[in-house]
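Participant: Next comes the structure file query_17.cif, holding mmCIF, C-alpha atoms.
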data_structure
loop_
_atom_site.label_atom_id
_atom_site.label_comp_id
_atom_site.auth_asym_id
_atom_site.auth_seq_id
_atom_site.Cartn_x
_atom_site.Cartn_y
_atom_site.Cartn_z
CA SER A 175 -18.34 -48.94 -94.45
CA THR A 176 -18.67 -45.97 -92.09
CA PRO A 177 -17.49 -42.68 -93.62
CA ALA A 178 -14.24 -41.56 -92.04
CA HIS A 179 -15.73 -38.14 -91.34
CA LEU A 180 -18.44 -39.66 -89.12
CA GLU A 181 -15.83 -41.65 -87.22
CA GLU A 182 -14.15 -38.33 -86.46
CA LEU A 183 -17.37 -37.16 -84.79
CA ASP A 184 -16.93 -39.86 -82.16
CA ARG A 185 -13.43 -38.63 -81.40
CA ASN A 186 -14.74 -35.07 -81.04
CA PRO A 187 -17.96 -35.41 -79.00
CA LEU A 188 -18.38 -31.64 -78.53
CA THR A 189 -18.51 -30.98 -82.26
CA ASN A 190 -21.78 -29.39 -83.44
CA LEU A 191 -23.35 -31.29 -86.31
CA THR A 192 -24.00 -29.62 -89.62
CA PRO A 193 -27.25 -30.43 -91.49
CA GLU A 194 -25.23 -32.57 -93.91
CA GLU A 195 -23.59 -34.49 -91.07
CA LYS A 196 -26.97 -35.10 -89.42
CA LYS A 197 -28.38 -36.49 -92.66
CA LEU A 198 -25.36 -38.74 -93.13
CA LEU A 199 -25.38 -39.87 -89.49
CA TRP A 200 -29.06 -40.83 -89.65
CA GLN A 201 -28.43 -42.82 -92.82
CA HIS A 202 -25.67 -44.77 -91.08
CA ARG A 203 -27.46 -45.20 -87.71
CA ASP A 204 -27.43 -49.01 -88.08
CA GLU A 205 -23.65 -49.21 -88.36
CA ILE A 206 -22.17 -51.52 -85.71
CA PHE A 207 -19.39 -48.96 -85.24
CA PHE A 208 -21.88 -46.43 -83.89
CA ARG A 209 -24.00 -48.81 -81.85
CA ASN A 210 -20.93 -49.75 -79.81
CA LYS A 211 -20.19 -46.08 -79.01
CA PRO A 212 -22.32 -44.86 -76.06
CA ARG A 213 -21.75 -41.14 -76.64
CA MET A 214 -22.79 -41.35 -80.28
CA LEU A 215 -26.42 -42.09 -79.38
CA ALA A 216 -27.08 -38.46 -78.46
CA LYS A 217 -25.74 -37.34 -81.83
CA VAL A 218 -27.91 -39.85 -83.67
CA ILE A 219 -30.96 -38.69 -81.71
CA SER A 220 -30.09 -35.12 -82.67
CA SER A 221 -30.04 -36.27 -86.29
CA VAL A 222 -33.59 -37.68 -86.35
CA PRO A 223 -35.11 -35.86 -89.37
CA SER A 224 -38.67 -35.60 -88.04
CA TRP A 225 -40.45 -35.97 -84.71
CA THR A 226 -43.91 -35.80 -86.27
CA ASP A 227 -43.45 -38.68 -88.74
CA LEU A 228 -44.49 -41.76 -86.74
CA GLU A 229 -42.48 -44.12 -88.93
CA VAL A 230 -39.31 -42.11 -88.35
CA VAL A 231 -39.99 -41.89 -84.62
CA ASP A 232 -40.44 -45.67 -84.47
CA GLN A 233 -37.09 -46.06 -86.22
CA ALA A 234 -35.54 -43.89 -83.52
CA TYR A 235 -37.19 -45.97 -80.79
CA SER A 236 -35.78 -49.15 -82.30
CA LEU A 237 -32.28 -47.92 -81.42
CA ILE A 238 -33.03 -48.49 -77.72
CA ASP A 239 -35.73 -51.17 -77.89
CA PRO A 240 -34.69 -54.00 -75.50
CA ARG A 241 -36.36 -56.46 -77.90
CA ASN A 242 -34.01 -55.38 -80.69
CA PRO A 243 -30.90 -57.61 -80.70
CA GLU A 244 -29.04 -54.85 -82.56
CA ARG A 245 -30.02 -52.10 -80.14
CA TRP A 246 -27.55 -49.50 -78.94
CA CYS A 247 -25.02 -50.52 -76.28
CA MET A 248 -25.62 -49.50 -72.66
CA LEU A 249 -24.73 -45.92 -71.83
CA GLY A 250 -22.33 -44.78 -69.15
CA PRO A 251 -23.62 -42.50 -66.38
CA GLY A 252 -22.49 -39.35 -68.18
CA GLU A 253 -24.29 -40.23 -71.40
CA ALA A 254 -27.38 -41.35 -69.48
CA LEU A 255 -27.59 -38.06 -67.59
CA GLN A 256 -27.40 -36.20 -70.90
CA LEU A 257 -30.60 -37.92 -72.09
CA LEU A 258 -32.31 -36.88 -68.84
CA ASP A 259 -31.45 -33.22 -69.30
CA SER A 260 -34.25 -31.06 -70.71
CA LEU A 261 -31.65 -28.75 -72.29
CA PHE A 262 -30.50 -31.64 -74.46
CA TRP A 263 -34.04 -32.18 -75.77
CA ASP A 264 -34.39 -28.46 -76.40
CA SER A 265 -31.27 -28.72 -78.57
CA VAL A 266 -32.70 -31.78 -80.36
CA LEU A 267 -35.75 -29.73 -81.34
CA MET A 268 -33.51 -26.72 -81.99
CA ILE A 269 -35.67 -24.59 -79.70
CA GLY A 270 -35.10 -20.88 -80.18
CA THR A 271 -33.66 -21.18 -83.69
CA LYS A 272 -35.14 -20.50 -87.11
CA LYS A 273 -34.95 -24.23 -87.86
CA GLU A 274 -36.96 -25.36 -84.82
CA LYS A 275 -38.39 -28.86 -85.28
CA LYS A 276 -42.03 -29.61 -84.60
CA CYS A 277 -43.10 -32.17 -82.02
CA LYS A 278 -46.72 -32.54 -80.96
CA ASN A 279 -45.99 -33.82 -77.45
CA PRO A 280 -42.27 -33.69 -76.55
CA THR A 281 -42.79 -35.09 -73.03
CA LYS A 282 -44.54 -38.21 -74.32
CA THR A 283 -42.37 -38.56 -77.43
CA PHE A 284 -39.06 -38.42 -75.58
CA ARG A 285 -40.15 -40.46 -72.54
CA PRO A 286 -38.84 -43.81 -73.93
CA PHE A 287 -35.35 -42.30 -74.25
CA ARG A 288 -35.48 -40.96 -70.69
CA GLU A 289 -36.62 -44.38 -69.43
CA TYR A 290 -33.77 -45.99 -71.35
CA ALA A 291 -31.32 -43.59 -69.71
CA VAL A 292 -32.60 -44.62 -66.28
CA ARG A 293 -32.20 -48.32 -67.17
CA CYS A 294 -28.58 -47.56 -67.95
CA LEU A 295 -28.11 -46.16 -64.43
CA VAL A 296 -29.37 -49.31 -62.73
CA PRO A 297 -26.01 -51.19 -62.63
CA ILE A 298 -23.92 -48.36 -61.14
CA SER A 299 -22.63 -48.75 -57.59
CA ASP A 300 -23.80 -46.74 -54.59
CA SER A 301 -20.45 -44.96 -54.40
CA MET A 302 -20.76 -43.88 -58.03
CA LEU A 303 -24.37 -42.85 -57.50
CA VAL A 304 -23.19 -40.61 -54.65
CA ASP A 305 -20.88 -38.83 -57.08
CA TYR A 306 -23.74 -38.13 -59.48
CA MET A 307 -26.33 -37.20 -56.83
CA PRO A 308 -25.98 -33.39 -57.25
CA GLN A 309 -26.76 -33.69 -60.97
CA LEU A 310 -29.63 -36.11 -60.34
CA VAL A 311 -31.22 -33.72 -57.84
CA GLN A 312 -31.12 -30.97 -60.47
CA LEU A 313 -32.54 -33.33 -63.11
CA MET A 314 -35.46 -34.11 -60.81
CA LYS A 315 -36.58 -30.52 -61.42
CA THR A 316 -37.29 -31.37 -65.05
CA GLU A 317 -39.54 -34.33 -64.19
CA THR A 318 -43.23 -33.84 -64.97
CA LEU A 319 -44.54 -37.02 -63.38
CA GLN A 320 -44.41 -37.98 -59.71
CA ASP A 321 -44.04 -41.60 -60.84
CA SER A 322 -41.44 -40.98 -63.55
CA ALA A 323 -38.72 -43.54 -64.28
CA LEU A 324 -36.11 -41.34 -62.61
CA ALA A 325 -38.24 -40.82 -59.48
CA ARG A 326 -38.91 -44.57 -59.20
CA TYR A 327 -35.22 -45.35 -59.63
CA LEU A 328 -34.07 -42.85 -57.00
CA MET A 329 -36.75 -44.04 -54.58
CA TYR A 330 -35.64 -47.66 -55.05
CA ARG A 331 -31.95 -46.86 -54.55
CA SER A 332 -32.74 -44.66 -51.54
CA LEU A 333 -34.80 -47.35 -49.80
CA ARG A 334 -32.15 -49.95 -50.55
CA ASN A 335 -29.46 -47.83 -48.88
CA PRO A 336 -31.25 -45.19 -46.78
CA TYR A 337 -28.30 -44.01 -44.67
CA GLN A 338 -26.17 -43.19 -47.70
CA ILE A 339 -28.27 -42.73 -50.84
CA GLY A 340 -31.53 -41.85 -49.08
CA GLN A 341 -29.74 -39.39 -46.81
CA LEU A 342 -28.06 -37.56 -49.68
CA LEU A 343 -31.18 -37.44 -51.82
CA TYR A 344 -33.39 -36.29 -48.94
CA TRP A 345 -31.20 -33.34 -48.05
CA GLY A 346 -30.43 -32.55 -51.67
CA LEU A 347 -34.15 -32.14 -52.39
CA ARG A 348 -34.74 -30.34 -49.09
CA ALA A 349 -32.00 -27.85 -49.96
CA GLU A 350 -33.69 -27.10 -53.29
CA MET A 351 -37.03 -26.64 -51.54
CA ALA A 352 -35.47 -24.32 -48.96
CA ALA A 353 -33.93 -22.24 -51.75
CA CYS A 354 -37.36 -21.48 -53.23
CA PRO A 355 -38.10 -17.78 -52.58
CA PRO A 356 -41.28 -17.10 -50.59
CA PRO A 357 -44.10 -15.24 -52.38
CA GLY A 358 -43.33 -11.55 -52.85
CA GLN A 359 -39.61 -11.81 -52.03
CA HIS A 360 -37.36 -9.78 -54.33
CA THR A 361 -34.69 -11.75 -56.21
CA HIS A 362 -31.85 -10.63 -58.47
CA THR A 363 -32.88 -13.06 -61.20
CA GLU A 364 -36.16 -13.66 -62.94
CA ILE A 365 -38.06 -16.51 -61.27
CA ASP A 366 -40.72 -18.63 -62.92
CA ILE A 367 -43.04 -18.96 -59.91
CA ASN A 368 -45.21 -21.61 -61.55
CA GLU A 369 -42.13 -23.73 -62.28
CA VAL A 370 -40.81 -23.27 -58.74
CA ASN A 371 -44.19 -24.27 -57.29
CA ARG A 372 -44.28 -27.30 -59.57
CA TYR A 373 -41.02 -28.85 -58.45
CA PHE A 374 -41.56 -27.73 -54.83
CA THR A 375 -44.75 -29.82 -54.88
CA LEU A 376 -43.02 -32.67 -56.74
CA PHE A 377 -40.17 -32.81 -54.22
CA GLY A 378 -42.54 -32.56 -51.26
CA LEU A 379 -44.63 -35.51 -52.44
CA PHE A 380 -41.52 -37.55 -53.20
CA LEU A 381 -40.05 -36.93 -49.73
CA ARG A 382 -43.34 -37.75 -48.04
CA ARG A 383 -43.40 -41.11 -49.82
CA TYR A 384 -39.81 -41.74 -48.80
CA ILE A 385 -40.39 -40.85 -45.13
CA ASP A 386 -43.42 -43.16 -45.05
CA SER A 387 -41.34 -46.06 -46.38
CA CYS A 388 -37.78 -45.64 -45.04
CA GLY A 389 -38.21 -47.45 -41.72
CA SER A 390 -35.76 -46.46 -38.97
CA HIS A 391 -34.24 -43.73 -41.11
CA ARG A 392 -37.38 -41.70 -40.50
CA ALA A 393 -36.53 -41.17 -36.81
CA ASP A 394 -33.03 -40.03 -37.79
CA LEU A 395 -34.39 -37.56 -40.32
CA ILE A 396 -36.77 -36.08 -37.75
CA LYS A 397 -33.81 -35.50 -35.40
CA GLN A 398 -31.82 -33.94 -38.24
CA GLU A 399 -34.71 -31.65 -39.16
CA ASP A 400 -34.83 -30.46 -35.54
CA LEU A 401 -31.07 -29.82 -35.61
CA VAL A 402 -31.39 -27.79 -38.80
CA GLN A 403 -34.25 -25.75 -37.35
CA GLN A 404 -32.18 -24.95 -34.25
CA LEU A 405 -29.23 -23.89 -36.41
CA ARG A 406 -31.49 -21.68 -38.52
CA LYS A 407 -32.79 -20.03 -35.36
CA VAL A 408 -29.20 -19.40 -34.26
CA GLY A 409 -28.37 -17.98 -37.67
CA ARG A 410 -31.31 -15.57 -37.63
CA HIS A 411 -30.40 -14.42 -34.11
CA VAL A 412 -26.79 -13.78 -35.09
CA LYS A 413 -27.87 -11.96 -38.24
CA ASP A 414 -30.10 -9.60 -36.23
CA THR A 415 -27.30 -8.83 -33.76
CA VAL A 416 -24.88 -5.89 -34.08
CA ASP A 417 -21.46 -6.85 -35.44
CA SER A 418 -19.60 -6.32 -32.17
CA GLU A 419 -21.76 -8.86 -30.31
CA ARG A 420 -22.25 -11.53 -32.96
CA LEU A 421 -19.46 -13.88 -31.84
CA SER A 422 -20.66 -13.81 -28.24
CA VAL A 423 -24.27 -14.44 -29.28
CA LEU A 424 -23.20 -17.29 -31.56
CA ARG A 425 -21.26 -19.05 -28.82
CA ASN A 426 -24.06 -18.61 -26.29
CA ASP A 427 -26.77 -19.87 -28.68
CA LEU A 428 -24.70 -22.91 -29.69
CA ARG A 429 -24.20 -23.83 -26.02
CA GLN A 430 -27.97 -23.78 -25.52
CA MET A 431 -28.73 -26.15 -28.39
CA ILE A 432 -30.51 -29.35 -27.37
CA PHE A 433 -29.35 -32.68 -28.78
CA PRO A 434 -31.33 -35.92 -28.51
CA LYS A 435 -30.04 -38.82 -26.46
CA GLY A 436 -27.43 -40.68 -28.47
CA GLY A 437 -26.75 -37.67 -30.64
CA VAL A 438 -27.90 -36.93 -34.15
CA ARG A 439 -26.41 -37.79 -37.53
CA LEU A 440 -25.09 -34.86 -39.53
CA PRO A 441 -27.34 -34.07 -42.53
CA VAL A 442 -24.30 -33.59 -44.77
CA ASN A 443 -22.69 -36.88 -43.72
CA SER A 444 -24.70 -39.52 -41.87
CA ALA A 445 -21.49 -41.33 -40.88
CA PHE A 446 -20.90 -38.67 -38.22
CA ARG A 447 -22.96 -37.96 -35.10
CA VAL A 448 -22.99 -34.81 -32.97
CA ASN A 449 -24.17 -34.47 -29.37
#
Kindly present the structure from the file in structure tokens form.
Facilitator:
Amino acid sequence: STPAHLEELDRNPLTNLTPEEKKLLWQHRDEIFFRNKPRMLAKVISSVPSWTDLEVVDQAYSLIDPRNPERWCMLGPGEALQLLDSLFWDSVLMIGTKKEKKCKNPTKTFRPFREYAVRCLVPISDSMLVDYMPQLVQLMKTETLQDSALARYLMYRSLRNPYQIGQLLYWGLRAEMAACPPPGQHTHTEIDINEVNRYFTLFGLFLRRYIDSCGSHRADLIKQEDLVQQLRKVGRHVKDTVDSERLSVLRNDLRQMIFPKGGVRLPVNSAFRVN
């Protein structure tokens, strides 16, 4: 039977595991009790004793193998997003501690778990996906492959529902790209330029593929991009104006904005048009 202490771990998901608890949890990984608890998978993964022993790694893979009739139950969106978070995998390897675990190729080793997490996201509704879009945009930053499971999934869902999912994802990624500081600009926090350039390129390629495939949504996005550029121009003009004249300049510049025939959908909510 499952030790009562391990059952308590399920009731307290934020509890940090001790070395003894990890050893015990790994020993009992095949318990039906655990395999029916979505949030316990992350704790079991954290309890894998070695990521260099191929036999042990295969045992870990068997927990999520679709061919295994006793595989772990499907994860909810929250648990799936946890397995897509690079910070979780840093904690699995105990990065930055004296007990850091070795792993020859973390990206390759952990990829099956990330792909499993994406499979668990497949059944969720569009409305639920909208709720998780901010987190998914941030998780895209940790992707190392243009054709990763997460990128393929988001592309599929975006093309299936371009005016809701595609719209949100497009502007979510564009906002992250716009937030990248230009070369030489001073920032108040330390910036890893190579990392910024990496996901800037990743997002740019992803959006290019989307624009090439999204049909009529492309024309809408072009109109929205023009609207955003006009608003940025207004913002820069107002910023460069003395305080006493800013309101007058703002009103005048907004009156001079040009809208396409039929209006343009708002980037933040495609259900609304402005003209």
Participant: Using only C-alpha atoms, give me every residue within 12 Å of (-23.2, -51.1, -66.0) in file coordinates, as an MDAnalysis selection string.
Facilitator: chainID A and resid 212 247:252 254 291:299 302:303
Participant: Just give me the gap between atom CA of A:Asp400 and atom CA of A:Val370 in Å, one decimal is fine.
Facilitator: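 The value is 25.0 Å.
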Participant: Would you kindly return, as a short mmCIF file (atom, residue, chain, number, x, y, z; two decimals) with C-alpha atoms, keeping the file's coordinate frame, each protein, DNA or RNA residue with an atom no farther than 9 Å from any atom of A:Pro223, considering only C-alpha atoms and excluding same-chain residues fewer than 3 positions away?
Facilitator:
data_model
loop_
_atom_site.label_atom_id
_atom_site.label_comp_id
_atom_site.auth_asym_id
_atom_site.auth_seq_id
_atom_site.Cartn_x
_atom_site.Cartn_y
_atom_site.Cartn_z
CA LYS A 196 -26.97 -35.10 -89.42
CA LYS A 197 -28.38 -36.49 -92.66
CA TRP A 200 -29.06 -40.83 -89.65
CA SER A 220 -30.09 -35.12 -82.67
CA ASP A 227 -43.45 -38.68 -88.74
CA VAL A 230 -39.31 -42.11 -88.35
CA LYS A 275 -38.39 -28.86 -85.28
#
Participant: Can you spell out as a list in words the set of residues that the PyMOL selection byres ((chain A and resi 342-352) around 8) selects in the structure I just provided?
Facilitator: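 On the file shown, the PyMOL selection byres ((chain A and resi 342-352) around 8) covers Val304, Met307, Pro308, Val311, Ser332, Gln338, Ile339, Gly340, Gln341, Ala353, Cys354, Pro355, Phe374, Phe377, Leu381, Pro441 and Val442 of chain A.
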Participant: What does the structure give for the distance between atom CA of A:Leu333 and atom CA of A:Tyr384, in Å to one decimal?
Facilitator: 7.6 Å
Participant: Between atom CA of A:Ser322 and atom CA of A:Arg372, what is the distance in Å, rounded to a tenth?
Facilitator: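 Atom CA of A:Ser322 sits 14.5 Å away from atom CA of A:Arg372.
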